[in-house]
Structures are given as structure tokens and as C-alpha cells.
Amino acid sequence: GKKLEDIDSPMIVKPIDFFSFQERAVLVLPYIQGETLQDKMGKKHEKIDLSWLYMIALGLDKLKEKGFYHGDLKPTNIMITPTRSVKLIDPGLTLEDPTSILKITTPIYNPLLLDGERADLMARGIMLYKMFGRTFPFKDVPFEYAGADLSNETNMLEMMYFISTVPMMMVNPKPNVIDRSIERIVCKCFNPTNDYNHKDFAGDLNEYATRFKK
């Protein structure tokens, strides 16, 4: 809780109080009015605003500056307020030190059980894929790849085959809404061996949105 207080971002929900009860840590967070991104994505005629993911990237970059990452990023942990601003929730449960052995994550959004910034990038890539492709990119959760030595050529080839998903243009019934640059952003998020980061993601998404409006 004290670590959250030091993070200067309107997207990070700061605790009201924290204390111990029956030998368990309790974190008290303010009530956030609105809907989760999961709720928004489930509505047939709801317009999904890509600026939400842009704002999330900026918020996560603030976490990174303090040496932390979310680790369990998923649509149910993202709140959209009535003013359409973004709040990252459940930080007390999912804010982890990258050096920690313990992992609190959701495998469908982090199938390689990645750590640090890569975990949050993978989750955003999967969310983007689901927004545009209307399905999850991966059907299985391959725990055998978690923590694999990627310097080993066999491990690398097997993992790269796993993350080689069907292009969104082929699975969306309205492929004309998908730009190739979105496909490239998703691919960068899925590749755990590159140096793609939150700021890169925000810049690419902003460039796409600017071009799409023209």
C-alpha cells in the first residue's frame, strides 16, 4: 500500500488505508464508479476507445519507474469511469516486485508466465487481439514455455511457433476495420525477446489513432 502512494498517476488507484486483521494485510481502496473493460468489450454496440489502452500504457510506465509492474493485467482489472477515464484496480493483489518468486497472474492473458514489463505487454497484446479479432489468440496455455531458456534454439523455435497466431484480419468478420499497423503492434507485444516497452506501445498506438482519424 505504501508503495502505491508514491506512484504519481491518475490511473493508479491509491489506497485509503492499510492495516492488519487476523494476521492478514488489508488494503482499503476507494470505490470506483463505472464499468470494467470486460463489460465494455462484452457489449455488441459499445465503442471501444483505443485511448484507454494508450492511457494504461502511461500508467504502467509510472509503475515501471518505481521498479514495479502490474502482473495480472486483464479487462476485469481495468475500470472505465462515466467520464471515460481509465483506472487500474486490484493493485494490492497484483502489484509484484519482478524479483519475487510468487506470481499472481491470469494465464489466458499471460500464457508464457512472463515477468516485469513483458507480462503487461503480453496482456495488452492479447486485449488488442481480442478487441479486433473478437477471440483469444491462443487456445492453450503452454506452461512448459514458462521460464524456458530462450537462448536454446529449440525452445525459441517452439515458443515462436506458439505465438505465431492467425492474423486478426482472417478471424474478424469485418476485417476492413483492422489496419496492418495494429497487427504489428500485437506481434511486438507477443514477442518476449525484443526490447519493446510501454512508451513504444503508447507511441505506436497514438500513431495508429492519428492516421486512422485522417
# chains A, B, ... in the order shown; residues from 1 in each chain; ligands from 1
$ select_by_dssp --residues "segment 10-98 of chain A" --states "strand (DSSP E)" --output "PyMOL selection string"
chain A and resi 17-21+24-28+35-36+78-80+86-88
$ closest_residue --among "A:Leu112, A:Leu63, A:Ala209, A:Met131" --to "Pro10 of chain A" --atoms "only C-alpha atoms"
A:Leu63
$ residues_around --residues "Asn172 of chain A" --least-positions-apart "4" --cutoff "8 Å" --atoms "only C-alpha atoms" --output "PDB file with C-alpha atoms, in the first residue's frame"
ATOM      1  CA  PHE A 132     -10.203  -6.530 -33.107  1.00  0.00           C
ATOM      2  CA  GLY A 133     -10.277 -10.283 -33.721  1.00  0.00           C
ATOM      3  CA  ARG A 134     -13.165 -10.930 -31.308  1.00  0.00           C
ATOM      4  CA  MET A 168      -6.813 -10.724 -36.933  1.00  0.00           C
TER       5      MET A 168
END
$ atom_distance --atom1 "atom CA of Ile126 of chain A" --atom2 "atom CA of Arg84 of chain A"
21.5 Å
$ atom_distance --atom1 "atom CA of Ala119 of chain A" --atom2 "atom CA of Cys189 of chain A"
9.2 Å
$ atom_distance --atom1 "atom CA of Trp52 of chain A" --atom2 "atom CA of Leu37 of chain A"
9.0 Å
$ closest_residue --among "A:Leu205, A:Leu114, A:Ile182, A:Ile12" --to "Asn77 of chain A" --atoms "only C-alpha atoms"
A:Ile12
$ closest_residue --among "A:Ile178, A:Leu29, A:Cys187, A:Ile78" --to "Met55 of chain A" --atoms "only C-alpha atoms"
A:Ile78
$ residues_around --residues "Phe18 of chain A" --least-positions-apart "5" --cutoff "6 Å" --atoms "only C-alpha atoms" --output "ChimeraX atom specification"
/A:26-28
$ write_last_selection --atoms "all heavy atoms" --output "mmCIF file, in the first residue's frame"
data_model
loop_
_atom_site.group_PDB
_atom_site.id
_atom_site.type_symbol
_atom_site.label_atom_id
_atom_site.label_comp_id
_atom_site.auth_asym_id
_atom_site.auth_seq_id
_atom_site.Cartn_x
_atom_site.Cartn_y
_atom_site.Cartn_z
ATOM 1 N N VAL A 26 -4.633 -5.947 4.969
ATOM 2 C CA VAL A 26 -5.872 -5.433 4.368
ATOM 3 C C VAL A 26 -5.583 -4.085 3.718
ATOM 4 O O VAL A 26 -5.032 -3.187 4.354
ATOM 5 C CB VAL A 26 -6.990 -5.269 5.423
ATOM 6 C CG1 VAL A 26 -8.246 -4.692 4.764
ATOM 7 C CG2 VAL A 26 -7.296 -6.610 6.079
ATOM 8 N N LEU A 27 -5.943 -3.958 2.454
ATOM 9 C CA LEU A 27 -5.750 -2.714 1.712
ATOM 10 C C LEU A 27 -7.120 -2.141 1.382
ATOM 11 O O LEU A 27 -7.945 -2.805 0.767
ATOM 12 C CB LEU A 27 -4.967 -2.995 0.416
ATOM 13 C CG LEU A 27 -4.500 -1.792 -0.407
ATOM 14 C CD1 LEU A 27 -3.463 -0.997 0.375
ATOM 15 C CD2 LEU A 27 -3.900 -2.270 -1.725
ATOM 16 N N VAL A 28 -7.380 -0.915 1.821
ATOM 17 C CA VAL A 28 -8.675 -0.271 1.590
ATOM 18 C C VAL A 28 -8.543 0.692 0.412
ATOM 19 O O VAL A 28 -7.746 1.635 0.451
ATOM 20 C CB VAL A 28 -9.151 0.497 2.843
ATOM 21 C CG1 VAL A 28 -10.525 1.107 2.590
ATOM 22 C CG2 VAL A 28 -9.184 -0.431 4.050
#
$ closest_residue --among "A:Leu88, A:Ile185, A:Leu113, A:Leu58" --to "Thr76 of chain A" --atoms "only C-alpha atoms"
A:Leu88
$ closest_residue --among "A:Ser51, A:Tyr129, A:Met170, A:Lys64" --to "Tyr208 of chain A" --atoms "only C-alpha atoms"
A:Ser51
